[in-house]
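Before any comments, here is the structure.
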Amino acid sequence: MNLESKLLIGAIRAAMRGEQIEAPEQMDWAAFLRLARFHSVEGLVYSGLQKDQLPEHVDQYLRSIYRKIVFRDVQLEHMKAQLQSRLTEANVPHIFLKGSCLKYNYPIPAL
C-alpha cells in the first residue's frame, strides 16, 4: 500500500474517532487528492488531518469541499424540518430513516 493510501485510510479512521493525524513530510499531495476525490471522501479526510501541516493549496481545496458538504447538510436539515412540520400538520405518521437519523452517531454529523 502506498503512502497516499495509508494517509487516506488513517485520516478517515481519525475523523471517525473525532481525532486528527499528522501527515508525513514526503507526500505526493496531487496523488493523495486524486485518491480522496476518487473515493469522494475529501471532507472526511480534511477533518481527520492536522490543518497546520497541510500545504496551503491542499488546505484550501479540502476546506472548500468540507464547507460545501456542511452547507449541503444544513440545507437538508432545513428541508427535513419543513417536511416534518408539514407531515405533522397533516396528521401523517412518519419516521425518518438512515442517514438523516444515524448521522448523529458520528463525530461530525454533516459528513
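Ligands are numbered from 1 in the order shown, chains are lettered A, B, ... in the order of the C-alpha cells, and residues start at 1 in each chain.
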
Skipping near chain neighbours, those fewer than 6 positions away, what residues fall within 10 Å of Arg34 (chain A) using only C-alpha atoms, listed as a ChimeraX atom specification? /A:4,40,42

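CA of Leu7 (chain A) is found 19.3 Å from CA of Ile108 (chain A).
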
I want to know what sits within 7 Å of Ile21 (chain A), based on only C-alpha atoms, with residues of the same chain fewer than 5 positions away left out; could you give that as a ChimeraX atom specification? /A:11,14,48-50

Pick out the residues sitting within 9 Å of Lys51 (chain A), and hand them over as a compact mmCIF listing (two decimals) with N, CA, C and O atoms, in the first residue's frame; count only C-alpha atoms, and ignore anything fewer than 5 positions along from it in its own chain.
# COMPACT_ATOMS: atom_id res chain seq x y z
N GLN A 20 -7.39 13.79 14.90
CA GLN A 20 -6.64 14.25 13.74
C GLN A 20 -5.26 13.63 13.77
O GLN A 20 -4.70 13.41 14.84
N GLU A 22 -1.19 13.46 11.90
CA GLU A 22 -0.17 14.22 11.18
C GLU A 22 0.05 13.59 9.81
O GLU A 22 -0.02 12.38 9.66
N TYR A 46 -10.31 15.68 5.37
CA TYR A 46 -9.94 17.01 5.86
C TYR A 46 -10.14 17.10 7.37
O TYR A 46 -9.31 17.64 8.08
N ASP A 59 -4.86 22.54 1.80
CA ASP A 59 -5.79 23.03 2.82
C ASP A 59 -6.96 23.79 2.18
O ASP A 59 -8.11 23.55 2.53

Run DSSP on the backbone and grab whatever in region 23-89 of chain A lands in helix (DSSP H, G or I); send it over as a PDB file with C-alpha atoms, in the first residue's frame.
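Saved result, out.pdb, follows:
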ATOM      1  CA  TRP A  29      -0.320  15.641  -2.481  1.00  0.00           C
ATOM      2  CA  ALA A  30      -1.618  15.535  -6.060  1.00  0.00           C
ATOM      3  CA  ALA A  31      -1.910  11.736  -5.848  1.00  0.00           C
ATOM      4  CA  PHE A  32      -3.491  11.980  -2.397  1.00  0.00           C
ATOM      5  CA  LEU A  33      -6.115  14.474  -3.615  1.00  0.00           C
ATOM      6  CA  ARG A  34      -6.882  12.323  -6.670  1.00  0.00           C
ATOM      7  CA  LEU A  35      -7.403   9.328  -4.391  1.00  0.00           C
ATOM      8  CA  ALA A  36      -9.634  11.278  -1.991  1.00  0.00           C
ATOM      9  CA  ARG A  37     -11.636  12.681  -4.920  1.00  0.00           C
ATOM     10  CA  PHE A  38     -11.990   9.221  -6.500  1.00  0.00           C
ATOM     11  CA  GLU A  42     -12.397  14.858   0.724  1.00  0.00           C
ATOM     12  CA  GLY A  43     -14.438  16.320   3.576  1.00  0.00           C
ATOM     13  CA  LEU A  44     -13.866  13.321   5.778  1.00  0.00           C
ATOM     14  CA  VAL A  45     -10.098  13.252   5.293  1.00  0.00           C
ATOM     15  CA  TYR A  46      -9.943  17.008   5.859  1.00  0.00           C
ATOM     16  CA  SER A  47     -11.500  16.608   9.282  1.00  0.00           C
ATOM     17  CA  GLY A  48      -9.033  13.806  10.098  1.00  0.00           C
ATOM     18  CA  LYS A  51      -4.536  21.512   9.311  1.00  0.00           C
ATOM     19  CA  ASP A  52      -1.345  23.318  10.317  1.00  0.00           C
ATOM     20  CA  GLN A  53       0.758  20.748   8.454  1.00  0.00           C
ATOM     21  CA  GLU A  56      -1.740  25.862   1.529  1.00  0.00           C
ATOM     22  CA  HIS A  57      -3.218  24.615  -1.766  1.00  0.00           C
ATOM     23  CA  VAL A  58      -4.232  21.294  -0.186  1.00  0.00           C
ATOM     24  CA  ASP A  59      -5.785  23.035   2.815  1.00  0.00           C
ATOM     25  CA  GLN A  60      -7.734  25.449   0.602  1.00  0.00           C
ATOM     26  CA  TYR A  61      -9.030  22.690  -1.680  1.00  0.00           C
ATOM     27  CA  LEU A  62     -10.079  20.324   1.119  1.00  0.00           C
ATOM     28  CA  ARG A  63     -11.544  23.162   3.200  1.00  0.00           C
ATOM     29  CA  SER A  64     -13.689  24.305   0.267  1.00  0.00           C
ATOM     30  CA  ILE A  65     -15.063  20.782  -0.214  1.00  0.00           C
ATOM     31  CA  TYR A  66     -15.652  20.441   3.527  1.00  0.00           C
ATOM     32  CA  ARG A  67     -17.601  23.711   3.636  1.00  0.00           C
ATOM     33  CA  LYS A  68     -19.766  22.659   0.684  1.00  0.00           C
ATOM     34  CA  ILE A  69     -20.606  19.401   2.454  1.00  0.00           C
ATOM     35  CA  VAL A  70     -21.522  21.181   5.682  1.00  0.00           C
ATOM     36  CA  PHE A  71     -23.608  23.747   3.784  1.00  0.00           C
ATOM     37  CA  ARG A  72     -25.462  20.960   1.976  1.00  0.00           C
ATOM     38  CA  ASP A  73     -26.141  19.261   5.296  1.00  0.00           C
ATOM     39  CA  VAL A  74     -27.624  22.489   6.691  1.00  0.00           C
ATOM     40  CA  GLN A  75     -29.879  22.732   3.640  1.00  0.00           C
ATOM     41  CA  LEU A  76     -31.007  19.122   4.039  1.00  0.00           C
ATOM     42  CA  GLU A  77     -31.737  19.634   7.735  1.00  0.00           C
ATOM     43  CA  HIS A  78     -33.848  22.679   6.870  1.00  0.00           C
ATOM     44  CA  MET A  79     -35.802  20.697   4.260  1.00  0.00           C
ATOM     45  CA  LYS A  80     -36.244  17.829   6.735  1.00  0.00           C
ATOM     46  CA  ALA A  81     -37.657  20.238   9.342  1.00  0.00           C
ATOM     47  CA  GLN A  82     -40.076  21.695   6.811  1.00  0.00           C
ATOM     48  CA  LEU A  83     -41.183  18.250   5.697  1.00  0.00           C
ATOM     49  CA  GLN A  84     -41.627  17.084   9.280  1.00  0.00           C
ATOM     50  CA  SER A  85     -43.710  20.162  10.082  1.00  0.00           C
ATOM     51  CA  ARG A  86     -45.971  19.687   7.064  1.00  0.00           C
ATOM     52  CA  LEU A  87     -46.447  15.983   7.702  1.00  0.00           C
ATOM     53  CA  THR A  88     -47.263  16.639  11.360  1.00  0.00           C
ATOM     54  CA  GLU A  89     -49.750  19.384  10.444  1.00  0.00           C
TER      55      GLU A  89
END

Separating CA of Ile12 (chain A) from CA of Phe96 (chain A), to the nearest tenth of an Å, is a gap of 26.4 Å
